[in-house]
>>> print(open('coords_37.txt').read())   # compact mmCIF, C-alpha atoms
# COMPACT_ATOMS: atom_id res chain seq x y z
CA MET S 21 64.93 80.68 163.52
CA ASN S 22 65.62 82.22 160.12
CA ILE S 23 67.66 79.52 158.41
CA LYS S 24 68.43 81.64 155.35
CA GLU S 25 69.96 84.34 157.57
CA TYR S 26 71.91 81.71 159.52
CA LEU S 27 73.31 80.21 156.30
CA ARG S 28 74.17 83.66 154.93
CA ALA S 29 76.02 84.71 158.07
CA LYS S 30 77.96 81.46 158.33
CA LYS S 31 78.81 81.51 154.62
CA GLU S 32 80.28 85.00 154.99
CA MET S 33 82.31 83.81 157.99
CA VAL S 34 83.65 80.84 156.03
CA ASP S 35 84.44 82.96 152.97
CA ARG S 36 86.46 85.43 155.06
CA ALA S 37 88.40 82.58 156.63
CA LEU S 38 89.04 80.87 153.28
CA ASP S 39 90.48 84.11 151.94
CA LEU S 40 92.79 84.22 154.94
CA TYR S 41 93.86 80.56 154.87
CA LEU S 42 94.49 80.23 151.12
CA PRO S 43 97.78 81.46 149.65
CA GLY S 44 97.34 84.78 147.85
CA ASP S 45 97.31 84.79 144.07
CA ASP S 46 100.44 86.98 144.22
CA VAL S 47 102.41 84.13 145.86
CA GLU S 48 104.65 82.11 143.54
CA PRO S 49 103.82 80.07 141.60
CA LYS S 50 101.02 82.55 141.02
CA ILE S 51 99.13 80.50 138.43
CA VAL S 52 98.35 77.57 140.74
CA HIS S 53 97.25 79.83 143.59
CA GLU S 54 95.07 81.79 141.19
CA ALA S 55 93.52 78.52 140.00
CA MET S 56 92.90 77.35 143.57
CA ARG S 57 91.18 80.60 144.45
CA TYR S 58 89.23 80.65 141.19
CA SER S 59 87.35 77.46 142.05
CA VAL S 60 87.06 78.05 145.80
CA PHE S 61 85.46 81.45 145.22
CA ALA S 62 83.44 80.51 142.13
CA GLY S 63 80.32 80.23 144.28
CA GLY S 64 78.69 77.48 146.28
CA LYS S 65 76.56 77.40 149.41
CA ARG S 66 79.38 76.26 151.79
CA ILE S 67 77.06 73.56 153.14
CA ARG S 68 79.85 71.27 154.31
CA PRO S 69 81.77 73.88 156.33
CA ILE S 70 78.49 75.19 157.74
CA LEU S 71 77.68 71.66 158.89
CA VAL S 72 81.00 71.57 160.76
CA ILE S 73 80.05 74.78 162.55
CA ALA S 74 76.43 73.83 163.23
CA SER S 75 77.45 70.44 164.57
CA ALA S 76 79.95 72.01 166.96
CA GLU S 77 77.32 74.50 168.15
CA ALA S 78 74.82 71.66 168.66
CA VAL S 79 77.03 70.19 171.39
CA GLY S 80 78.13 73.42 173.03
CA GLY S 81 81.07 74.42 170.83
CA ASN S 82 81.58 77.59 168.83
CA ALA S 83 82.34 78.55 165.25
CA GLU S 84 85.74 80.15 165.87
CA THR S 85 87.21 76.97 167.31
CA VAL S 86 86.26 74.79 164.34
CA LEU S 87 86.61 77.34 161.54
CA PRO S 88 89.94 76.00 160.19
CA ALA S 89 88.46 72.49 159.94
CA ALA S 90 85.34 73.89 158.29
CA CYS S 91 87.48 75.58 155.65
CA ALA S 92 89.50 72.41 155.15
CA LEU S 93 86.28 70.56 154.29
CA GLU S 94 85.47 73.16 151.64
CA MET S 95 88.97 72.92 150.15
CA ILE S 96 88.63 69.15 149.81
CA HIS S 97 85.16 69.47 148.34
CA THR S 98 86.44 72.03 145.83
CA TYR S 99 89.40 69.84 144.84
CA SER S 100 86.97 67.00 144.14
CA LEU S 101 84.87 69.25 141.89
CA ILE S 102 87.91 70.43 139.92
CA HIS S 103 88.94 66.84 139.27
CA ASP S 104 85.38 65.64 138.59
CA ASP S 105 85.04 68.25 135.83
CA LEU S 106 88.16 67.12 133.96
CA PRO S 107 87.84 65.54 130.49
CA ALA S 108 88.99 62.18 131.87
CA MET S 109 86.13 62.25 134.41
CA ASP S 110 82.82 64.06 133.75
CA ASN S 111 84.19 66.40 131.07
CA ASP S 112 82.10 69.41 132.15
CA ASP S 113 82.56 72.91 130.75
CA TYR S 114 80.68 74.84 133.45
CA ARG S 115 80.48 74.72 137.23
CA ARG S 116 78.34 77.14 139.25
CA GLY S 117 77.67 79.14 136.11
CA LYS S 118 81.35 79.72 135.32
CA PRO S 119 83.84 77.91 133.05
CA THR S 120 85.37 74.95 134.85
CA ASN S 121 88.92 75.20 136.13
CA HIS S 122 90.54 73.28 133.29
CA LYS S 123 88.75 75.47 130.75
CA VAL S 124 90.40 78.54 132.26
CA PHE S 125 93.80 77.26 133.35
CA GLY S 126 94.31 74.10 131.31
CA GLU S 127 94.18 70.49 132.44
CA ALA S 128 97.64 70.31 134.01
CA ILE S 129 97.17 73.35 136.25
CA ALA S 130 93.64 72.22 137.15
CA ILE S 131 94.96 68.86 138.32
CA LEU S 132 97.71 70.52 140.33
CA ALA S 133 95.30 73.08 141.81
CA GLY S 134 93.12 70.21 143.03
CA ASP S 135 96.14 68.40 144.43
CA ALA S 136 97.24 71.56 146.21
CA LEU S 137 93.81 72.17 147.77
CA LEU S 138 93.66 68.62 149.09
CA THR S 139 97.13 68.89 150.60
CA HIS S 140 96.66 72.41 151.99
CA ALA S 141 93.45 71.34 153.72
CA PHE S 142 95.38 69.18 156.17
CA GLU S 143 97.76 72.02 156.97
CA VAL S 144 94.78 74.26 157.70
CA ILE S 145 93.23 71.68 160.05
CA THR S 146 96.30 71.90 162.27
CA MET S 147 95.41 75.54 162.96
CA CYS S 148 92.65 74.22 165.24
CA SER S 149 95.45 73.26 167.65
CA GLU S 150 95.46 76.82 169.00
CA LYS S 151 92.17 76.03 170.81
CA VAL S 152 91.83 72.23 170.69
CA ASP S 153 94.07 69.53 172.17
CA GLY S 154 96.26 67.42 169.91
CA GLU S 155 94.35 64.18 170.45
CA ARG S 156 91.20 65.63 168.92
CA ILE S 157 93.19 67.02 165.99
CA VAL S 158 94.55 63.55 165.26
CA ARG S 159 91.02 62.08 165.39
CA VAL S 160 89.80 64.73 162.98
CA ILE S 161 92.66 64.15 160.53
CA LYS S 162 91.85 60.42 160.59
CA GLU S 163 88.14 61.11 160.00
CA LEU S 164 88.81 63.38 157.05
CA SER S 165 91.48 61.25 155.39
CA GLU S 166 89.22 58.20 155.50
CA ALA S 167 86.21 60.17 154.22
CA ALA S 168 88.14 61.65 151.30
CA GLY S 169 90.15 58.57 150.32
CA SER S 170 89.64 55.25 148.58
CA ARG S 171 87.30 54.01 151.33
CA GLY S 172 85.22 57.15 151.04
CA MET S 173 84.70 59.82 148.39
CA VAL S 174 87.33 58.52 145.95
CA GLY S 175 85.98 55.00 146.28
CA GLY S 176 82.48 56.20 145.51
CA GLN S 177 83.72 58.05 142.47
CA VAL S 178 85.52 54.93 141.22
CA VAL S 179 82.38 52.80 141.43
CA ASP S 180 80.39 55.63 139.84
CA ILE S 181 82.72 55.65 136.83
CA LEU S 182 82.70 51.86 136.53
CA SER S 183 78.89 51.85 136.67
CA GLU S 184 78.36 54.14 133.67
CA GLY S 185 76.37 52.49 130.91
CA ARG S 186 75.44 49.33 132.78
CA ASN S 187 72.57 48.15 134.95
CA ILE S 188 73.42 48.23 138.64
CA THR S 189 71.74 46.97 141.79
CA PRO S 190 70.15 49.19 144.44
CA GLU S 191 73.01 48.16 146.76
CA GLU S 192 75.62 49.38 144.29
CA LEU S 193 73.80 52.68 143.82
CA LEU S 194 73.58 53.15 147.58
CA PHE S 195 77.33 52.49 147.85
CA ILE S 196 78.06 55.15 145.20
CA HIS S 197 75.93 57.82 146.86
CA THR S 198 76.93 57.15 150.46
CA HIS S 199 80.60 57.25 149.50
CA LYS S 200 80.83 59.81 146.70
CA THR S 201 78.76 62.40 148.57
CA GLY S 202 77.74 61.00 151.94
CA CYS S 203 81.22 60.50 153.36
CA LEU S 204 82.10 64.20 153.33
CA PHE S 205 78.74 65.09 154.92
CA ARG S 206 79.40 62.51 157.61
CA ALA S 207 82.93 63.81 158.15
CA ALA S 208 81.78 67.42 158.35
CA VAL S 209 79.27 66.73 161.10
CA ARG S 210 81.50 64.36 163.04
CA ILE S 211 84.52 66.67 162.84
CA GLY S 212 82.57 69.60 164.26
CA ALA S 213 81.25 67.42 167.08
CA ILE S 214 84.64 65.87 167.88
CA LEU S 215 86.40 69.23 168.03
CA ALA S 216 83.66 70.51 170.35
CA GLY S 217 84.06 67.53 172.69
CA ALA S 218 80.76 65.74 171.99
CA SER S 219 79.80 62.76 174.13
CA ALA S 220 79.59 59.33 172.47
CA ASP S 221 75.77 59.41 172.47
CA LYS S 222 75.60 62.82 170.85
CA LEU S 223 78.26 61.89 168.31
CA ASN S 224 76.25 58.79 167.35
CA ALA S 225 73.08 60.85 166.92
CA LEU S 226 74.89 63.43 164.79
CA THR S 227 76.48 60.68 162.70
CA ALA S 228 73.07 59.18 161.91
CA TYR S 229 71.81 62.67 161.01
CA ALA S 230 74.71 63.21 158.62
CA GLU S 231 74.33 59.85 156.91
CA HIS S 232 70.65 60.44 156.18
CA LEU S 233 71.28 64.03 155.09
CA GLY S 234 74.16 63.11 152.76
CA LEU S 235 72.10 60.47 150.98
CA ALA S 236 69.13 62.82 150.64
CA PHE S 237 71.38 65.54 149.22
CA GLN S 238 72.70 63.26 146.46
CA ILE S 239 69.25 61.86 145.60
CA ILE S 240 67.98 65.42 145.23
CA ASP S 241 71.03 66.21 143.09
CA ASP S 242 70.08 63.30 140.83
CA VAL S 243 66.51 64.55 140.60
CA LEU S 244 67.58 68.11 139.80
CA ASP S 245 69.71 66.86 136.90
CA VAL S 246 66.43 65.74 135.35
CA THR S 247 64.00 68.45 136.51
CA GLY S 248 66.21 71.39 137.51
CA ASP S 249 66.78 74.77 135.90
CA ALA S 250 70.26 74.93 134.33
CA GLU S 251 70.53 78.65 135.13
CA LYS S 252 69.80 78.08 138.83
CA LEU S 253 72.09 75.04 138.99
CA GLY S 254 74.95 76.80 137.21
CA LYS S 255 75.58 73.78 134.98
CA MET S 256 73.90 71.89 132.19
CA THR S 257 71.11 69.52 133.17
CA GLY S 258 70.55 66.11 131.64
CA SER S 259 74.22 65.18 131.77
CA ASP S 260 73.56 62.10 133.93
CA ILE S 261 71.26 60.66 131.26
CA LYS S 262 73.69 61.43 128.44
CA LYS S 263 76.54 59.76 130.31
CA GLN S 264 74.32 56.86 131.41
CA LYS S 265 75.18 57.57 135.03
CA ALA S 266 73.93 55.45 137.91
CA THR S 267 71.25 57.63 139.55
CA TYR S 268 68.14 57.26 141.67
CA PRO S 269 65.77 58.49 138.91
CA ALA S 270 67.32 56.00 136.49
CA LEU S 271 66.76 53.12 138.91
CA TYR S 272 63.61 54.16 140.77
CA GLY S 273 61.95 56.85 138.64
CA LEU S 274 61.39 60.48 139.61
CA LYS S 275 58.37 60.04 141.87
CA ARG S 276 59.92 57.30 143.99
CA SER S 277 63.27 59.13 144.12
CA LYS S 278 61.57 62.23 145.56
CA GLU S 279 59.80 60.07 148.13
CA LEU S 280 63.07 58.42 149.15
CA ALA S 281 64.75 61.83 149.53
CA GLU S 282 61.89 63.05 151.73
CA LYS S 283 62.17 59.93 153.88
CA GLU S 284 65.90 60.52 154.39
CA ILE S 285 65.29 64.16 155.36
CA GLU S 286 62.70 63.05 157.92
CA SER S 287 65.10 60.43 159.29
CA ALA S 288 67.86 63.04 159.56
CA ALA S 289 65.66 65.30 161.66
CA GLU S 290 64.46 62.36 163.78
CA SER S 291 68.07 61.46 164.58
CA LEU S 292 68.37 64.71 166.53
CA LYS S 293 65.29 64.16 168.72
CA ASP S 294 67.32 63.88 171.93
CA LEU S 295 69.46 66.95 171.27
CA SER S 296 68.59 70.39 172.62
CA THR S 297 67.49 73.49 170.74
CA ALA S 298 71.20 74.13 170.08
CA ALA S 299 70.76 71.59 167.26
CA ASP S 300 67.95 73.60 165.64
CA PRO S 301 70.23 74.91 162.86
CA LEU S 302 70.96 71.30 161.87
CA ARG S 303 67.25 70.50 161.88
CA GLU S 304 66.50 73.54 159.73
CA ILE S 305 69.38 72.80 157.35
CA ALA S 306 67.88 69.36 156.66
CA LEU S 307 64.48 70.86 155.84
CA TYR S 308 66.09 73.59 153.74
CA LEU S 309 68.18 71.17 151.69
CA GLY S 310 65.15 68.95 151.19
CA LYS S 311 63.49 71.79 149.28
CA ARG S 312 66.50 73.04 147.35
CA GLU S 313 66.28 73.86 143.65
CA SER S 314 69.97 74.42 142.97
>>> encode(input="coords_37.txt", output="structure tokens")
Amino acid sequence: MNIKEYLRAKKEMVDRALDLYLPGDDVEPKIVHEAMRYSVFAGGKRIRPILVIASAEAVGGNAETVLPAACALEMIHTYSLIHDDLPAMDNDDYRRGKPTNHKVFGEAIAILAGDALLTHAFEVITMCSEKVDGERIVRVIKELSEAAGSRGMVGGQVVDILSEGRNITPEELLFIHTHKTGCLFRAAVRIGAILAGASADKLNALTAYAEHLGLAFQIIDDVLDVTGDAEKLGKMTGSDIKKQKATYPALYGLKRSKELAEKEIESAAESLKDLSTAADPLREIALYLGKRES
């Protein structure tokens, strides 16, 4: 299969749906809706929503059924980026090659735009109820709230902040990466599978895939902050070193970090060995992300 064409087609599908599900920038209060849309449509590969779709397809589902949940994942991811970029957090001026939200709209509106995206995401998920029974919707809401909250992404971000400037253990670093990034990857894959009615065995296989893929993605992100091209990344490189962030290159060195990422990509693909060719997009996504440069 042509994975680049698959990703392009699914990204266009997600973008059209996001435009439909988000309030228009002519809706009052206009400024916050403009800010929400600014960051959602500032770029990005839409990997998380595409994982929702690909996971559903892997177990016999279809994109249309899970599209609201896929968009909800992207809204939550975008809210986290808006807040991460704030002066109180990472204090970044650029994201995806454009000024960060608070640089355009000010800190107060940026905070509120993030809050609004997080809240709106759960409203959008309920739109799946047109084609999916209520029990699955409740399971999905539980999955996503846990993944995004203090036991998931937020928790990982907290430990990441507390770890700046000090020596940490491999276990602490693993906690940061599996929570700060991995939890949303895990939720994306599981949500797609749950909405599509996956069996317990298939859900377990997809969960293992997601956990390996999420860790690999963040390790590669760490590596690219050292070796990447700022123009391709759309943000300044070297910021992790300046901020004394807890990263895989800082703890293991570049060579070993790349090896660990490759191992996780291989493990992700191996997790899908018992799934049919319907899971090929997931297999190809893992290989594609393992070679990414941005």
>>> closest_residue(input="coords_37.txt", among="S:Ala289, S:Leu244, S:Leu27, S:Ile188", to="Ser277 in chain S", atoms="all atoms listed in the file")
S:Leu244
>>> closest_residue(input="coords_37.txt", among="S:Leu235, S:Leu274, S:Ala128, S:Met33", to="Leu309 in chain S", atoms="only C-alpha atoms")
S:Leu235
>>> closest_residue(input="coords_37.txt", among="S:Ala83, S:Ala281, S:Val246, S:Leu42", to="Phe61 in chain S", atoms="all atoms listed in the file")
S:Leu42
>>> residues_around(input="coords_37.txt", residues="Pro190 in chain S", least_positions_apart="2", cutoff="10 Å", atoms="all atoms listed in the file", output="compact mmCIF listing (two decimals) with C-alpha atoms, in the frame of the given file")
# COMPACT_ATOMS: atom_id res chain seq x y z
CA ASN S 187 72.57 48.15 134.95
CA ILE S 188 73.42 48.23 138.64
CA GLU S 192 75.62 49.38 144.29
CA LEU S 193 73.80 52.68 143.82
CA LEU S 194 73.58 53.15 147.58
CA PHE S 195 77.33 52.49 147.85
CA ILE S 196 78.06 55.15 145.20
CA ALA S 266 73.93 55.45 137.91
CA THR S 267 71.25 57.63 139.55
CA TYR S 268 68.14 57.26 141.67
CA LEU S 271 66.76 53.12 138.91
CA TYR S 272 63.61 54.16 140.77
>>> closest_residue(input="coords_37.txt", among="S:Ser291, S:Asn121, S:Ser100, S:Ser183", to="Leu137 in chain S", atoms="only C-alpha atoms")
S:Ser100
